[in-house]
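Raw contents of start.txt, compact mmCIF, C-alpha atoms:
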```txt
# COMPACT_ATOMS: atom_id res chain seq x y z
CA GLN O 1 -8.20 3.59 12.18
CA VAL O 2 -5.69 0.78 12.63
CA GLN O 3 -3.33 -0.08 9.80
CA LEU O 4 -1.70 -3.47 9.41
CA VAL O 5 1.19 -4.00 7.02
CA GLU O 6 2.66 -7.41 6.26
CA SER O 7 6.21 -8.03 5.12
CA GLY O 8 8.66 -10.88 4.73
CA GLY O 9 7.08 -12.84 1.93
CA GLY O 10 9.07 -14.22 -0.97
CA LEU O 11 10.21 -17.29 -2.83
CA VAL O 12 11.59 -20.18 -0.82
CA GLN O 13 12.46 -23.79 -1.63
CA PRO O 14 10.50 -26.66 -0.11
CA GLY O 15 11.78 -27.39 3.36
CA GLY O 16 12.91 -23.81 3.83
CA SER O 17 11.85 -21.14 6.29
CA LEU O 18 10.40 -17.66 6.22
CA THR O 19 9.31 -15.22 8.86
CA LEU O 20 6.40 -12.93 8.11
CA SER O 21 5.87 -9.75 10.07
CA CYS O 22 2.77 -7.66 10.66
CA ALA O 23 3.34 -4.06 11.73
CA ALA O 24 0.43 -2.29 13.39
CA SER O 25 -0.04 1.46 13.59
CA ALA O 26 -2.78 3.97 14.28
CA THR O 27 -3.29 7.40 15.75
CA SER O 28 -1.27 8.42 18.80
CA GLY O 29 -2.00 6.43 21.91
CA PHE O 30 -2.59 3.18 20.04
CA THR O 31 -1.51 0.03 21.78
CA LEU O 32 -1.49 -3.47 20.34
CA ASP O 33 -1.80 -4.99 23.82
CA TYR O 34 -5.56 -5.52 23.69
CA TYR O 35 -5.77 -6.93 20.18
CA THR O 36 -6.31 -10.47 19.01
CA ILE O 37 -4.19 -11.06 15.92
CA GLY O 38 -4.70 -13.72 13.31
CA TRP O 39 -2.82 -14.87 10.24
CA PHE O 40 -4.71 -16.05 7.18
CA ARG O 41 -3.76 -17.20 3.74
CA GLN O 42 -5.58 -17.21 0.47
CA ILE O 43 -5.11 -18.91 -2.85
CA PRO O 44 -6.78 -16.93 -5.64
CA GLY O 45 -10.34 -18.09 -6.12
CA GLN O 46 -10.56 -19.67 -2.69
CA GLU O 47 -11.71 -18.53 0.73
CA HIS O 48 -9.33 -17.15 3.33
CA GLU O 49 -7.89 -19.99 5.41
CA GLY O 50 -7.11 -19.32 9.03
CA VAL O 51 -3.53 -20.25 9.86
CA ALA O 52 -2.97 -19.11 13.43
CA CYS O 53 -4.27 -16.70 16.04
CA ILE O 54 -3.00 -15.27 19.31
CA ASP O 55 -4.99 -13.51 21.99
CA SER O 56 -4.06 -10.29 23.73
CA LEU O 57 -2.51 -12.03 26.74
CA ASP O 58 -0.47 -14.61 24.78
CA ARG O 59 -2.33 -17.28 26.72
CA ASN O 60 -4.37 -18.67 23.87
CA ILE O 61 -2.65 -19.62 20.64
CA ILE O 62 -4.26 -21.83 18.03
CA TYR O 63 -2.89 -23.24 14.79
CA SER O 64 -4.67 -24.88 11.92
CA ASP O 65 -3.92 -28.56 11.50
CA SER O 66 -2.18 -27.86 8.20
CA VAL O 67 0.55 -25.77 9.85
CA LYS O 68 0.69 -27.15 13.39
CA ARG O 69 4.24 -27.90 14.55
CA ARG O 70 5.67 -26.05 11.55
CA PHE O 71 4.51 -22.46 12.09
CA THR O 72 4.84 -20.31 15.22
CA ILE O 73 3.01 -17.07 15.91
CA SER O 74 4.49 -14.52 18.28
CA ARG O 75 3.93 -10.91 19.19
CA ASP O 76 5.96 -7.97 20.46
CA ASN O 77 3.48 -5.47 21.81
CA ALA O 78 6.15 -2.88 22.56
CA LYS O 79 7.13 -2.82 18.89
CA LYS O 80 3.52 -3.29 17.74
CA MET O 81 4.57 -6.31 15.70
CA VAL O 82 3.26 -9.82 15.21
CA HIS O 83 5.34 -12.50 13.51
CA LEU O 84 4.64 -15.79 11.81
CA HIS O 85 7.68 -18.04 11.78
CA MET O 86 7.25 -20.67 9.07
CA ASN O 87 9.44 -23.77 8.93
CA SER O 88 9.48 -26.89 6.78
CA LEU O 89 7.58 -25.07 4.08
CA LYS O 90 5.71 -27.07 1.49
CA PRO O 91 4.49 -26.13 -2.00
CA GLU O 92 0.93 -26.21 -0.65
CA ASP O 93 1.84 -23.34 1.68
CA THR O 94 2.02 -21.09 -1.38
CA ALA O 95 -0.53 -18.31 -0.94
CA ILE O 96 -1.01 -14.65 -0.10
CA TYR O 97 -0.66 -14.27 3.66
CA TYR O 98 -2.64 -11.68 5.60
CA CYS O 99 -2.66 -10.54 9.18
CA ALA O 100 -5.86 -9.38 10.82
CA GLY O 101 -6.55 -7.67 14.12
CA ASP O 102 -9.43 -7.01 16.43
CA PRO O 103 -9.60 -5.26 19.81
CA GLY O 104 -11.77 -8.02 21.21
CA GLY O 105 -8.69 -9.54 22.83
CA ARG O 106 -10.00 -12.97 23.68
CA PHE O 107 -11.40 -16.02 21.90
CA GLY O 108 -12.43 -19.54 22.80
CA SER O 109 -11.44 -22.91 21.42
CA SER O 110 -11.21 -21.80 17.80
CA CYS O 111 -9.74 -18.83 16.04
CA PRO O 112 -11.97 -15.97 14.96
CA THR O 113 -12.95 -16.14 11.31
CA TRP O 114 -11.79 -13.64 8.70
CA TYR O 115 -15.04 -11.71 9.08
CA ASP O 116 -14.75 -11.51 12.88
CA TYR O 117 -11.77 -9.17 12.62
CA GLY O 118 -12.08 -5.44 12.25
CA TYR O 119 -8.78 -4.72 10.51
CA TRP O 120 -6.84 -6.51 7.77
CA GLY O 121 -3.55 -6.00 6.01
CA GLN O 122 -2.97 -6.01 2.26
CA GLY O 123 -1.13 -9.31 2.21
CA THR O 124 2.29 -10.62 1.28
CA GLN O 125 2.98 -13.37 -1.26
CA VAL O 126 4.68 -16.57 -0.18
CA THR O 127 5.77 -18.96 -2.91
CA VAL O 128 7.25 -22.35 -2.08
CA SER O 129 8.85 -23.87 -5.12
CA SER O 130 12.06 -25.48 -6.28
```
Once more with this new file: its structure as C-alpha cells, please.
Amino acid sequence: QVQLVESGGGLVQPGGSLTLSCAASATSGFTLDYYTIGWFRQIPGQEHEGVACIDSLDRNIIYSDSVKRRFTISRDNAKKMVHLHMNSLKPEDTAIYYCAGDPGGRFGSSCPTWYDYGYWGQGTQVTVSS
C-alpha cells in the first residue's frame, strides 16, 4: 500500500508563491521511479480539477490551462517526493490540493483523470487572499 502525504499549504496573498510537497512511502523496497504523479485541486462541492501531471521518466509534463506558466511540477525520486511550485497565485487558486500516484508510469497527450490513479493523498489547503 502506497501512502501519499501532502504538505506546504497555507494562506498567501495574491501574487505570492507557495510550494506544495507530496511525500510517498510504502513497504520496504518501494520506489517512486515508476509512478506517474498528478496534482489535483478541489473546491468543496465541485469535481477534482487536474492541475499538472508528470510521468515516470520526466519526459511528459502537462499543465492545465488555468495554471500553465505559473505552476511547475517536479520530482525527486531519490527522496520519494514530488513538488508543485506555485507562482503568481490568484484568489481562484484557492482549493484543497491533492497529489495522486499510479504505477502506470506513462500517459499520452492528456493527464490521467482522478479516477485513473490508484493512490491519493489527504490534501492540503491553499488559500489565496489579501
Give me the residues near Asn60 in chain O as number ranges by chain, where near means some atom within 9 Å (using all atoms listed in the file) and where sequence neighbours in that chain fewer than 3 positions away do not count. O: 53-57, 106-109
Find the spatial neighbours of Ser64 in chain O, counting only C-alpha atoms, within a cut-off of 9 Å - ignore same-chain residues fewer than 3 positions away - and output them as JSON, numbers by chain. {"O": [49, 50, 51, 52, 67, 68, 111]}
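Note that the spacing between CA of Asp116 in chain O and CA of Gly104 in chain O amounts to 9.5 Å.
When all atoms listed in the file are used to compute distances to Ile61 in chain O, the closest of the residues O:Ile37, O:Ala95, O:Met81, O:Val12 turns out to be O:Ile37.
Of the listed residues (O:Glu92, O:Asp76, O:Phe40, O:Gln1), O:Phe40 comes nearest to Pro112 in chain O; the distances count only C-alpha atoms.
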If we count all atoms listed in the file and set the cut-off at 7 Å, which residues sit around Ala23 in chain O, ignoring sequence neighbours fewer than 4 positions away in its own chain? Please answer as a PDB file with C-alpha atoms, keeping the file's coordinate frame.
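Resulting contents of around_9.pdb:
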```
ATOM      1  CA  LEU O   4      -1.700  -3.470   9.410  1.00  0.00           C
ATOM      2  CA  VAL O   5       1.190  -4.000   7.020  1.00  0.00           C
ATOM      3  CA  GLU O   6       2.660  -7.410   6.260  1.00  0.00           C
ATOM      4  CA  LYS O  80       3.520  -3.290  17.740  1.00  0.00           C
ATOM      5  CA  MET O  81       4.570  -6.310  15.700  1.00  0.00           C
ATOM      6  CA  VAL O  82       3.260  -9.820  15.210  1.00  0.00           C
TER       7      VAL O  82
END
```
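Nearest residue to Cys99 in chain O among O:Val126, O:Cys22, O:Ile43, O:Leu11 is O:Cys22, counting only C-alpha atoms.
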As a VMD selection string, please: the residues near Pro44 in chain O (cut-off 10 Å, only C-alpha atoms, same-chain neighbours under 3 positions excluded). chain O and resid 41 47 to 48 95 to 96
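What separates CA of Leu32 in chain O from CA of Phe71 in chain O is a distance of 21.6 Å.
For the set O:Gly10, O:Gly29, O:Gly38, O:Gly15, the residue with the smallest atom-to-atom gap to Thr127 in chain O is O:Gly10, counting only C-alpha atoms.
Counting all atoms listed in the file, the residue from O:Ser7, O:Thr31, O:Thr19, O:Ser88 that sits nearest to Gly123 in chain O is O:Ser7.
For the pair CA of Ile62 in chain O and CA of Gly121 in chain O, the interatomic distance is 19.9 Å.
Ranking O:Val2, O:Arg70, O:Ser130, O:Pro91 by their shortest atom-to-atom distance to Ser25 in chain O, with only C-alpha atoms included, puts O:Val2 first.
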